[in-house]
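work38.txt (compact mmCIF, C-alpha atoms and all ligand atoms) appears below.
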```txt
# COMPACT_ATOMS: atom_id res chain seq x y z
CA MET A 16 8.66 56.02 24.74
CA LYS A 17 8.91 52.20 24.56
CA SER A 18 11.22 50.41 27.00
CA ASN A 19 13.58 47.68 25.73
CA ALA A 20 11.25 45.07 27.23
CA ASP A 21 8.31 46.44 25.21
CA ILE A 22 10.36 46.39 22.01
CA LYS A 23 11.45 42.78 22.64
CA HIS A 24 7.87 41.79 23.37
CA THR A 25 6.68 43.34 20.10
CA PHE A 26 9.39 41.50 18.16
CA LEU A 27 8.49 38.14 19.69
CA ARG A 28 4.80 38.62 18.99
CA THR A 29 5.46 39.28 15.31
CA SER A 30 7.77 36.27 14.92
CA MET A 31 5.32 33.72 16.31
CA ASN A 32 5.22 30.18 14.96
CA LYS A 33 1.98 28.31 15.01
CA GLN A 34 2.05 25.45 17.50
CA VAL A 35 -0.32 22.60 18.37
CA THR A 36 0.04 20.09 21.21
CA ILE A 37 -1.84 16.79 21.09
CA THR A 38 -2.11 14.66 24.23
CA VAL A 39 -3.22 11.05 23.64
CA PRO A 40 -3.85 8.40 26.32
CA ALA A 41 -2.62 4.82 26.41
CA THR A 42 -5.16 2.11 25.65
CA SER A 43 -5.62 -1.55 26.43
CA ALA A 44 -7.38 -3.41 23.62
CA ASN A 45 -9.29 -6.72 23.65
CA LEU A 46 -9.65 -7.06 27.48
CA GLY A 47 -9.99 -10.81 26.94
CA PRO A 48 -13.01 -11.60 24.76
CA GLY A 49 -13.27 -8.24 22.91
CA PHE A 50 -10.69 -9.10 20.25
CA ASP A 51 -10.28 -6.25 17.75
CA CYS A 52 -13.41 -4.43 18.96
CA LEU A 53 -13.18 -3.41 22.66
CA GLY A 54 -10.66 -1.05 24.23
CA LEU A 55 -10.11 1.00 27.37
CA ALA A 56 -8.26 4.32 27.77
CA LEU A 57 -5.75 4.59 30.63
CA ALA A 58 -4.35 7.65 32.39
CA LEU A 59 -0.85 7.46 30.89
CA TYR A 60 -0.13 9.89 28.05
CA ASN A 61 2.06 10.62 25.06
CA ARG A 62 2.30 14.30 24.18
CA VAL A 63 3.27 15.63 20.76
CA THR A 64 3.89 19.28 19.90
CA PHE A 65 3.93 20.36 16.25
CA THR A 66 5.51 23.70 15.43
CA ALA A 67 5.22 25.17 11.93
CA VAL A 68 8.53 26.77 10.97
CA SER A 69 9.34 29.01 8.03
CA THR A 70 12.47 27.16 6.88
CA PRO A 71 11.92 23.98 4.78
CA THR A 72 13.22 21.57 7.43
CA LEU A 73 11.93 18.59 9.41
CA THR A 74 13.27 18.18 12.94
CA ILE A 75 12.01 15.57 15.39
CA GLU A 76 12.97 15.52 19.05
CA VAL A 77 11.97 12.54 21.20
CA THR A 78 12.11 12.45 25.00
CA GLY A 79 10.94 9.96 27.63
CA LEU A 80 10.61 6.18 27.32
CA ASP A 81 12.14 4.06 24.56
CA VAL A 82 13.64 7.02 22.66
CA GLU A 83 16.07 4.65 20.93
CA LYS A 84 13.11 2.85 19.31
CA VAL A 85 11.68 5.98 17.69
CA PRO A 86 13.10 7.19 14.36
CA THR A 87 13.70 10.93 14.03
CA ASP A 88 13.63 11.09 10.23
CA GLU A 89 10.82 10.90 7.67
CA SER A 90 10.06 7.30 8.68
CA ASN A 91 8.73 8.55 12.05
CA LEU A 92 5.09 7.36 12.31
CA ILE A 93 3.80 10.69 13.63
CA TYR A 94 5.42 12.53 10.74
CA GLN A 95 4.15 9.96 8.22
CA THR A 96 0.54 10.25 9.36
CA ALA A 97 0.77 14.05 9.57
CA ASN A 98 2.20 14.06 6.07
CA CYS A 99 -0.73 11.96 4.77
CA LEU A 100 -3.12 14.50 6.21
CA PHE A 101 -1.21 17.47 4.74
CA GLU A 102 -1.59 15.72 1.35
CA ARG A 103 -5.32 15.22 1.85
CA LEU A 104 -5.67 18.87 2.90
CA GLY A 105 -3.61 20.09 -0.06
CA LYS A 106 -1.59 22.37 2.23
CA ARG A 107 1.37 22.02 4.56
CA PRO A 108 3.65 24.22 6.63
CA SER A 109 6.97 25.30 5.03
CA GLY A 110 8.83 23.30 7.66
CA LEU A 111 7.96 21.32 10.76
CA HIS A 112 9.38 20.66 14.20
CA ILE A 113 7.89 17.70 16.11
CA GLN A 114 8.51 17.30 19.80
CA GLN A 115 7.45 13.84 21.03
CA GLU A 116 7.20 13.14 24.76
CA ASN A 117 6.78 9.40 25.31
CA ASN A 118 5.40 8.02 28.54
CA ILE A 119 3.90 4.90 26.96
CA PRO A 120 6.42 2.15 26.17
CA VAL A 121 6.79 1.45 22.45
CA GLY A 122 5.51 -1.89 21.09
CA SER A 123 4.10 -2.91 24.46
CA GLY A 124 0.40 -3.55 23.79
CA LEU A 125 -0.58 -0.20 25.28
CA GLY A 126 -1.52 1.56 22.06
CA SER A 127 1.65 3.59 21.49
CA SER A 128 1.31 3.36 17.70
CA SER A 129 -2.30 4.57 17.98
CA THR A 130 -1.11 7.62 19.89
CA ALA A 131 1.30 8.35 17.02
CA VAL A 132 -1.39 7.93 14.37
CA LEU A 133 -3.93 10.09 16.22
CA ALA A 134 -1.35 12.75 17.09
CA GLY A 135 -0.21 12.90 13.45
CA LEU A 136 -3.75 13.22 12.06
CA LEU A 137 -5.19 15.59 14.68
CA GLY A 138 -2.00 17.63 14.87
CA ALA A 139 -1.76 18.18 11.11
CA ASN A 140 -5.46 19.03 10.88
CA ALA A 141 -5.27 21.57 13.71
CA LEU A 142 -1.98 23.08 12.55
CA MET A 143 -3.37 23.78 9.06
CA ASP A 144 -6.88 24.76 10.26
CA GLY A 145 -8.18 21.69 8.41
CA THR A 146 -11.88 20.91 8.27
CA PHE A 147 -11.73 17.18 8.99
CA THR A 148 -14.04 16.28 11.87
CA ARG A 149 -13.05 13.97 14.74
CA SER A 150 -15.18 11.29 13.18
CA ASP A 151 -13.37 11.68 9.78
CA LEU A 152 -10.04 11.45 11.58
CA LEU A 153 -11.14 8.39 13.56
CA ALA A 154 -12.10 6.65 10.30
CA LEU A 155 -8.64 7.47 8.86
CA ALA A 156 -6.91 6.28 12.06
CA THR A 157 -8.92 3.03 12.04
CA ALA A 158 -8.01 2.42 8.40
CA GLU A 159 -4.34 2.97 9.26
CA GLU A 160 -4.46 0.59 12.26
CA GLY A 161 -6.78 -2.00 10.67
CA HIS A 162 -9.06 -2.17 13.74
CA PRO A 163 -10.65 0.47 16.01
CA ASP A 164 -9.97 -1.02 19.47
CA ASN A 165 -7.04 1.27 20.35
CA VAL A 166 -7.74 4.43 18.35
CA ALA A 167 -11.41 4.74 19.38
CA PRO A 168 -10.86 4.75 23.17
CA ALA A 169 -7.69 6.83 22.73
CA LEU A 170 -9.73 9.49 20.92
CA LEU A 171 -12.86 9.36 23.10
CA GLY A 172 -11.56 8.17 26.47
CA GLY A 173 -13.20 5.48 28.61
CA LEU A 174 -14.42 2.06 27.45
CA VAL A 175 -15.34 1.98 23.76
CA LEU A 176 -16.73 -0.67 21.43
CA GLY A 177 -15.83 -0.26 17.77
CA VAL A 178 -17.97 -2.06 15.22
CA MET A 179 -16.64 -2.33 11.66
CA ASP A 180 -19.26 -2.30 8.90
CA GLY A 181 -17.24 -2.62 5.71
CA ALA A 182 -15.04 0.47 5.65
CA GLU A 183 -17.36 2.27 8.09
CA VAL A 184 -16.71 2.21 11.83
CA HIS A 185 -19.51 2.56 14.36
CA ILE A 186 -18.30 3.73 17.75
CA GLU A 187 -20.19 2.94 20.94
CA PRO A 188 -18.86 4.55 24.14
CA LEU A 189 -19.81 2.30 27.08
CA PRO A 190 -20.25 3.20 30.74
CA ILE A 191 -17.57 1.95 33.11
CA ALA A 192 -17.26 2.32 36.88
CA PRO A 193 -14.25 4.44 37.95
CA GLN A 194 -11.47 2.09 39.02
CA GLN A 195 -7.77 1.45 38.82
CA VAL A 196 -6.06 -1.26 36.82
CA VAL A 197 -2.65 -2.89 37.07
CA ILE A 198 -0.43 -2.92 34.00
CA VAL A 199 2.82 -4.87 33.85
CA THR A 200 5.01 -4.69 30.74
CA PRO A 201 7.82 -7.24 30.45
CA ASP A 202 10.90 -6.21 28.52
CA PHE A 203 10.19 -8.62 25.68
CA GLN A 204 9.68 -7.83 22.02
CA LEU A 205 6.53 -9.23 20.48
CA LEU A 206 5.62 -7.54 17.21
CA THR A 207 1.87 -7.16 16.66
CA LYS A 208 2.22 -8.67 13.20
CA ASP A 209 3.81 -11.80 14.72
CA ALA A 210 1.18 -11.96 17.48
CA ARG A 211 -1.52 -11.75 14.77
CA ALA A 212 0.22 -14.31 12.55
CA ALA A 213 0.01 -16.82 15.45
CA LEU A 214 -3.81 -16.79 15.31
CA PRO A 215 -5.86 -19.39 13.42
CA THR A 216 -7.87 -18.15 10.45
CA GLN A 217 -10.87 -20.38 11.35
CA ILE A 218 -12.50 -20.95 14.74
CA SER A 219 -15.03 -23.51 15.94
CA ARG A 220 -18.65 -22.68 16.69
CA GLN A 221 -18.00 -23.53 20.35
CA ASP A 222 -15.20 -20.96 20.55
CA ALA A 223 -17.35 -18.33 18.83
CA ILE A 224 -20.12 -18.94 21.40
CA PHE A 225 -17.57 -18.91 24.22
CA ASN A 226 -16.43 -15.37 23.29
CA ALA A 227 -19.84 -14.06 22.19
CA SER A 228 -21.32 -14.95 25.59
CA ARG A 229 -18.46 -13.43 27.58
CA LEU A 230 -18.18 -10.05 25.84
CA PRO A 231 -21.56 -8.69 27.02
CA LEU A 232 -20.89 -10.17 30.46
CA LEU A 233 -17.58 -8.30 30.55
CA ILE A 234 -19.20 -5.01 29.50
CA ARG A 235 -21.83 -5.45 32.21
CA ALA A 236 -19.29 -6.40 34.88
CA LEU A 237 -17.07 -3.39 34.08
CA GLN A 238 -20.07 -1.06 34.16
CA THR A 239 -21.13 -2.22 37.59
CA ALA A 240 -17.63 -3.01 38.97
CA ASP A 241 -18.92 -6.55 39.54
CA TYR A 242 -15.53 -8.15 40.25
CA ASP A 243 -17.09 -11.53 41.03
CA LYS A 244 -18.04 -11.94 37.37
CA LEU A 245 -14.78 -10.69 35.87
CA ALA A 246 -12.78 -13.92 36.06
CA MET A 247 -15.26 -15.69 33.79
CA ALA A 248 -16.07 -12.57 31.74
CA MET A 249 -12.43 -11.96 30.74
CA GLN A 250 -11.86 -15.46 29.39
CA ASP A 251 -11.12 -15.71 25.70
CA ARG A 252 -10.61 -18.37 23.07
CA LEU A 253 -9.93 -16.25 19.99
CA HIS A 254 -6.41 -14.98 20.62
CA GLN A 255 -4.98 -15.46 24.12
CA PRO A 256 -4.51 -19.26 23.97
CA TYR A 257 -2.28 -18.75 20.90
CA ARG A 258 -0.41 -15.71 22.20
CA LEU A 259 0.36 -16.57 25.82
CA PRO A 260 2.94 -19.23 24.87
CA LEU A 261 4.82 -16.58 22.83
CA ILE A 262 5.69 -14.58 25.97
CA PRO A 263 8.02 -16.21 28.55
CA GLY A 264 6.22 -16.64 31.88
CA MET A 265 2.93 -15.06 30.75
CA ALA A 266 0.71 -18.04 31.68
CA ASP A 267 2.34 -18.11 35.15
CA ALA A 268 1.97 -14.32 35.39
CA PHE A 269 -1.82 -14.68 34.87
CA ALA A 270 -1.93 -17.26 37.68
CA ALA A 271 0.25 -15.11 39.97
CA ALA A 272 -1.95 -12.03 39.40
CA THR A 273 -5.05 -14.06 40.27
CA ALA A 274 -3.41 -15.54 43.38
CA ALA A 275 -2.45 -12.01 44.50
CA GLY A 276 -6.06 -10.81 44.26
CA ALA A 277 -6.81 -9.96 40.62
CA ALA A 278 -10.44 -10.52 39.68
CA GLY A 279 -9.77 -10.54 35.94
CA VAL A 280 -6.56 -10.75 33.92
CA ALA A 281 -5.91 -10.34 30.19
CA LEU A 282 -3.20 -9.77 27.67
CA SER A 283 -3.20 -6.05 26.87
CA GLY A 284 -3.73 -5.76 23.11
CA ALA A 285 -1.42 -8.14 21.30
CA GLY A 286 0.93 -8.13 24.32
CA PRO A 287 3.42 -8.33 25.82
CA SER A 288 1.74 -6.23 28.59
CA LEU A 289 -0.70 -7.75 31.05
CA ILE A 290 -3.75 -5.91 32.43
CA ALA A 291 -5.40 -6.91 35.71
CA PHE A 292 -8.62 -5.64 37.30
CA ALA A 293 -9.10 -5.81 41.06
CA PRO A 294 -11.00 -3.99 43.80
CA ASP A 295 -7.79 -3.69 45.89
CA HIS A 296 -4.31 -5.20 46.37
CA HIS A 297 -3.07 -3.49 43.19
CA THR A 298 0.49 -3.13 44.49
CA GLU A 299 0.64 -6.80 45.49
CA ILE A 300 -0.66 -7.89 42.07
CA ALA A 301 1.96 -5.79 40.27
CA ALA A 302 4.70 -7.22 42.51
CA ALA A 303 3.56 -10.82 41.97
CA VAL A 304 3.53 -10.45 38.18
CA THR A 305 6.88 -8.64 38.18
CA ALA A 306 8.39 -11.52 40.21
CA VAL A 307 7.21 -14.09 37.65
CA PHE A 308 8.78 -12.15 34.79
CA GLN A 309 11.97 -11.83 36.85
CA GLN A 310 12.03 -15.62 37.24
CA ASN A 311 11.89 -15.76 33.46
CA ASN A 312 14.85 -13.35 33.21
CA LEU A 313 12.68 -10.46 32.06
CA ALA A 314 12.78 -7.01 33.61
CA SER A 315 9.43 -5.25 33.58
CA ARG A 316 7.73 -1.92 34.18
CA SER A 317 4.47 -1.64 36.08
CA TRP A 318 1.79 0.97 36.62
CA ILE A 319 -1.38 1.27 38.67
CA LEU A 320 -3.55 3.48 36.47
CA PRO A 321 -6.97 5.07 36.73
CA ILE A 322 -9.25 4.82 33.72
CA GLU A 323 -8.92 7.89 31.53
CA THR A 324 -12.20 9.50 30.51
CA SER A 325 -11.36 12.65 28.52
CA GLY A 326 -9.70 11.19 25.43
CA THR A 327 -7.35 13.04 23.12
CA GLN A 328 -6.81 16.73 23.91
CA ILE A 329 -5.77 19.44 21.44
CA ASN A 330 -4.09 22.66 22.58
CA LYS A 331 -3.47 25.21 19.91
CA LEU A 332 -1.37 28.27 20.49
CA ALA A 333 0.88 30.68 18.70
CA SER A 334 4.26 30.22 20.32
CA GLN A 335 7.29 32.44 20.37
CA GLY A 336 9.66 31.81 17.48
CA THR A 337 12.40 30.06 19.39
CA ILE A 338 13.46 27.45 16.83
N1 LIG A 401 -6.71 -6.03 18.66
C1 LIG A 401 -5.33 -5.96 18.26
C2 LIG A 401 -4.70 -7.33 18.42
C3 LIG A 401 -4.63 -4.96 19.14
O1 LIG A 401 -4.97 -7.98 19.44
O2 LIG A 401 -3.97 -7.77 17.53
C4 LIG A 401 -3.19 -4.76 18.77
O3 LIG A 401 -3.06 -3.90 17.71
```
Would it be possible to restate this file's structure as structure tokens?
Ligand code: HSE
Amino acid sequence: MKSNADIKHTFLRTSMNKQVTITVPATSANLGPGFDCLGLALALYNRVTFTAVSTPTLTIEVTGLDVEKVPTDESNLIYQTANCLFERLGKRPSGLHIQQENNIPVGSGLGSSSTAVLAGLLGANALMDGTFTRSDLLALATAEEGHPDNVAPALLGGLVLGVMDGAEVHIEPLPIAPQQVVIVTPDFQLLTKDARAALPTQISRQDAIFNASRLPLLIRALQTADYDKLAMAMQDRLHQPYRLPLIPGMADAFAAATAAGAAGVALSGAGPSLIAFAPDHHTEIAAAVTAVFQQNNLASRSWILPIETSGTQINKLASQGTI
């Protein structure tokens, strides 16, 4: 005869809801001269769990950093990208519960919107047993973002070069020596669209040569952890000169990071975060940059992060029907 525990177990097994968890790393795009084409994955993660439910409802629960900045209705970016994929697949769950755990600050230049886009696409595909490949999904994510420098490293992990060829994107994973980086994020709002609007539409031949010569040097220096070359290799003339003045104290923060031991410093993505590479003194660099933002009346968050090498992870399981 079955015990009560056995009966309960049987009931739970038959009322399972399909569940998928997507874990996506933060990314730092550009790294100085690699504007819109080079990005690095960092060991800081957003985690999104999709649960298919039988009632026709959408519920979104957000925990962690910046919850007040994340909508919990149909305008939520994760839901919107998942919804696009359901439409492409021609199938969708009756209802959906999305649980979003944020560890990456929103709108900070650390690829938080890329984590949402990738989680939405990969989550919807896995939840509905879709047949889109990772490369199909990367092309969709790149089209959504407009450039591959966050989504490509977030999907693959490590240092990745993304080369646009019309609508096609060629992805080149690049070797990088294991190391830690310093990230400091001032509490300052700089929308990517405004940071892009500040850029000139034409550049001089000298500036093109300046960046074209530094990008391969940067790739080489990161591969070999050649910190002596990084200061020159991370210089840029395509975007940073126009963006630094938009962020209070950022030019001084670059100087403070260098004085505290950073070998190379760059704006992370479109900002407002700063990324610094150094063989040591990471804590001192973070403290020096934080102090400069403080002098400019800006609080900040900082991290010392290893490079992340695994990329986006998918965990699929049938969970107990608890919602
Ligand atoms: N490459 C992009 C930029 C990253 O610098 O504008 C932010 O989306």
I want to know what sits within 12 Å of Arg220 of chain A, based on all atoms listed in the file, with residues of the same chain fewer than 5 positions away left out; could you give that as a JSON list (two decimals) with C-alpha atoms, in the frame of the given file?
```
[["chain", "number", "residue", "atom", "x", "y", "z"],
["A", 225, "PHE", "CA", -17.57, -18.91, 24.22],
["A", 226, "ASN", "CA", -16.43, -15.37, 23.29],
["A", 227, "ALA", "CA", -19.84, -14.06, 22.19],
["A", 252, "ARG", "CA", -10.61, -18.37, 23.07],
["A", 253, "LEU", "CA", -9.93, -16.25, 19.99]]
```
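Straight-line separation from atom CA of Ala97 of chain A to atom CA of Gly177 of chain A: 23.4 Å.
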If the limit is 7 Å from any atom of ligand LIG 401 (chain A), counting only C-alpha atoms and all ligand atoms, which residues qualify? Return them as a PDB file with C-alpha atoms, keeping the file's coordinate frame.
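Generated output (result-v4.pdb):
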```pdb
ATOM      1  CA  ALA A  44      -7.380  -3.410  23.620  1.00  0.00           C
ATOM      2  CA  ASN A  45      -9.290  -6.720  23.650  1.00  0.00           C
ATOM      3  CA  PHE A  50     -10.690  -9.100  20.250  1.00  0.00           C
ATOM      4  CA  ASP A  51     -10.280  -6.250  17.750  1.00  0.00           C
ATOM      5  CA  CYS A  52     -13.410  -4.430  18.960  1.00  0.00           C
ATOM      6  CA  GLY A 124       0.400  -3.550  23.790  1.00  0.00           C
ATOM      7  CA  HIS A 162      -9.060  -2.170  13.740  1.00  0.00           C
ATOM      8  CA  ASP A 164      -9.970  -1.020  19.470  1.00  0.00           C
ATOM      9  CA  ASN A 165      -7.040   1.270  20.350  1.00  0.00           C
ATOM     10  CA  THR A 207       1.870  -7.160  16.660  1.00  0.00           C
ATOM     11  CA  ALA A 210       1.180 -11.960  17.480  1.00  0.00           C
ATOM     12  CA  ARG A 211      -1.520 -11.750  14.770  1.00  0.00           C
ATOM     13  CA  GLY A 284      -3.730  -5.760  23.110  1.00  0.00           C
ATOM     14  CA  ALA A 285      -1.420  -8.140  21.300  1.00  0.00           C
TER      15      ALA A 285
END
```
* Counting all atoms listed in the file, which of A:Ala56, A:Leu142, A:Gln114, A:Ser219 gets nearest to Asn330 of chain A? ->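 The answer is A:Leu142, which sits nearest to Asn330 of chain A.
Remark: for Ile262 of chain A, the closest of the candidate residues A:Gln204, A:Gln217, A:Ala291, A:Ile224 is A:Gln204 (distances computed over all atoms listed in the file).
Nearest to Thr66 of chain A of all the residues A:Met143, A:Ser315, A:Thr273, A:Lys244 is A:Met143, based on only C-alpha atoms.
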* To do: Find the residue from A:Thr36, A:Thr324, A:Asn117, A:Asn98 that sits nearest to Glu76 of chain A; use all atoms listed in the file when measuring.
  =>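 Going through A:Thr36, A:Thr324, A:Asn117, A:Asn98 one by one, the smallest distance to Glu76 of chain A is for A:Asn117.
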* Interatomic distance, atom CA of Pro120 of chain A to atom CA of Val63 of chain A (Å, one decimal) -> 14.9 Å
Slice of the block: segment 246-307 of chain A, C-alpha atoms, as a PDB file, in the first residue's frame:
```pdb
ATOM      1  CA  ALA A 246      48.482  51.507 -21.801  1.00  0.00           C
ATOM      2  CA  MET A 247      49.150  52.260 -25.473  1.00  0.00           C
ATOM      3  CA  ALA A 248      47.018  49.375 -26.772  1.00  0.00           C
ATOM      4  CA  MET A 249      43.864  50.550 -24.966  1.00  0.00           C
ATOM      5  CA  GLN A 250      43.965  54.080 -26.358  1.00  0.00           C
ATOM      6  CA  ASP A 251      41.080  55.060 -28.586  1.00  0.00           C
ATOM      7  CA  ARG A 252      40.027  57.964 -30.756  1.00  0.00           C
ATOM      8  CA  LEU A 253      36.668  56.743 -32.036  1.00  0.00           C
ATOM      9  CA  HIS A 254      34.437  57.081 -28.993  1.00  0.00           C
ATOM     10  CA  GLN A 255      36.140  57.728 -25.640  1.00  0.00           C
ATOM     11  CA  PRO A 256      37.248  61.330 -26.311  1.00  0.00           C
ATOM     12  CA  TYR A 257      33.575  62.218 -26.942  1.00  0.00           C
ATOM     13  CA  ARG A 258      32.116  60.184 -24.085  1.00  0.00           C
ATOM     14  CA  LEU A 259      34.461  60.853 -21.170  1.00  0.00           C
ATOM     15  CA  PRO A 260      33.273  64.470 -20.774  1.00  0.00           C
ATOM     16  CA  LEU A 261      29.675  63.186 -20.404  1.00  0.00           C
ATOM     17  CA  ILE A 262      30.509  61.411 -17.117  1.00  0.00           C
ATOM     18  CA  PRO A 263      31.481  63.581 -14.100  1.00  0.00           C
ATOM     19  CA  GLY A 264      35.030  62.774 -12.986  1.00  0.00           C
ATOM     20  CA  MET A 265      35.648  60.059 -15.593  1.00  0.00           C
ATOM     21  CA  ALA A 266      38.824  61.624 -17.053  1.00  0.00           C
ATOM     22  CA  ASP A 267      40.222  61.992 -13.505  1.00  0.00           C
ATOM     23  CA  ALA A 268      39.126  58.427 -12.718  1.00  0.00           C
ATOM     24  CA  PHE A 269      41.235  57.145 -15.652  1.00  0.00           C
ATOM     25  CA  ALA A 270      44.244  59.052 -14.289  1.00  0.00           C
ATOM     26  CA  ALA A 271      43.625  57.826 -10.717  1.00  0.00           C
ATOM     27  CA  ALA A 272      43.372  54.188 -11.877  1.00  0.00           C
ATOM     28  CA  THR A 273      46.674  54.528 -13.741  1.00  0.00           C
ATOM     29  CA  ALA A 274      48.372  56.201 -10.762  1.00  0.00           C
ATOM     30  CA  ALA A 275      47.157  53.340  -8.519  1.00  0.00           C
ATOM     31  CA  GLY A 276      48.736  50.720 -10.789  1.00  0.00           C
ATOM     32  CA  ALA A 277      46.373  50.060 -13.708  1.00  0.00           C
ATOM     33  CA  ALA A 278      48.179  49.073 -16.897  1.00  0.00           C
ATOM     34  CA  GLY A 279      45.219  49.835 -19.151  1.00  0.00           C
ATOM     35  CA  VAL A 280      41.947  51.669 -18.549  1.00  0.00           C
ATOM     36  CA  ALA A 281      38.846  52.036 -20.716  1.00  0.00           C
ATOM     37  CA  LEU A 282      35.229  53.016 -20.627  1.00  0.00           C
ATOM     38  CA  SER A 283      33.213  49.798 -20.360  1.00  0.00           C
ATOM     39  CA  GLY A 284      30.856  49.756 -23.342  1.00  0.00           C
ATOM     40  CA  ALA A 285      29.138  53.103 -23.681  1.00  0.00           C
ATOM     41  CA  GLY A 286      29.752  53.773 -19.958  1.00  0.00           C
ATOM     42  CA  PRO A 287      29.329  54.870 -17.295  1.00  0.00           C
ATOM     43  CA  SER A 288      31.429  51.931 -15.917  1.00  0.00           C
ATOM     44  CA  LEU A 289      35.208  51.920 -16.087  1.00  0.00           C
ATOM     45  CA  ILE A 290      37.295  48.776 -16.678  1.00  0.00           C
ATOM     46  CA  ALA A 291      40.951  48.547 -15.628  1.00  0.00           C
ATOM     47  CA  PHE A 292      43.516  45.814 -16.304  1.00  0.00           C
ATOM     48  CA  ALA A 293      46.445  45.310 -13.954  1.00  0.00           C
ATOM     49  CA  PRO A 294      48.769  42.529 -12.804  1.00  0.00           C
ATOM     50  CA  ASP A 295      48.106  43.420  -9.129  1.00  0.00           C
ATOM     51  CA  HIS A 296      46.892  46.243  -6.841  1.00  0.00           C
ATOM     52  CA  HIS A 297      43.287  45.639  -7.936  1.00  0.00           C
ATOM     53  CA  THR A 298      41.846  46.733  -4.581  1.00  0.00           C
ATOM     54  CA  GLU A 299      43.881  49.944  -4.601  1.00  0.00           C
ATOM     55  CA  ILE A 300      42.768  50.755  -8.164  1.00  0.00           C
ATOM     56  CA  ALA A 301      39.099  50.245  -7.262  1.00  0.00           C
ATOM     57  CA  ALA A 302      39.514  52.458  -4.180  1.00  0.00           C
ATOM     58  CA  ALA A 303      41.265  55.229  -6.131  1.00  0.00           C
ATOM     59  CA  VAL A 304      38.545  55.334  -8.805  1.00  0.00           C
ATOM     60  CA  THR A 305      35.775  55.195  -6.187  1.00  0.00           C
ATOM     61  CA  ALA A 306      37.372  58.182  -4.397  1.00  0.00           C
ATOM     62  CA  VAL A 307      37.354  60.254  -7.597  1.00  0.00           C
TER      63      VAL A 307
END
```
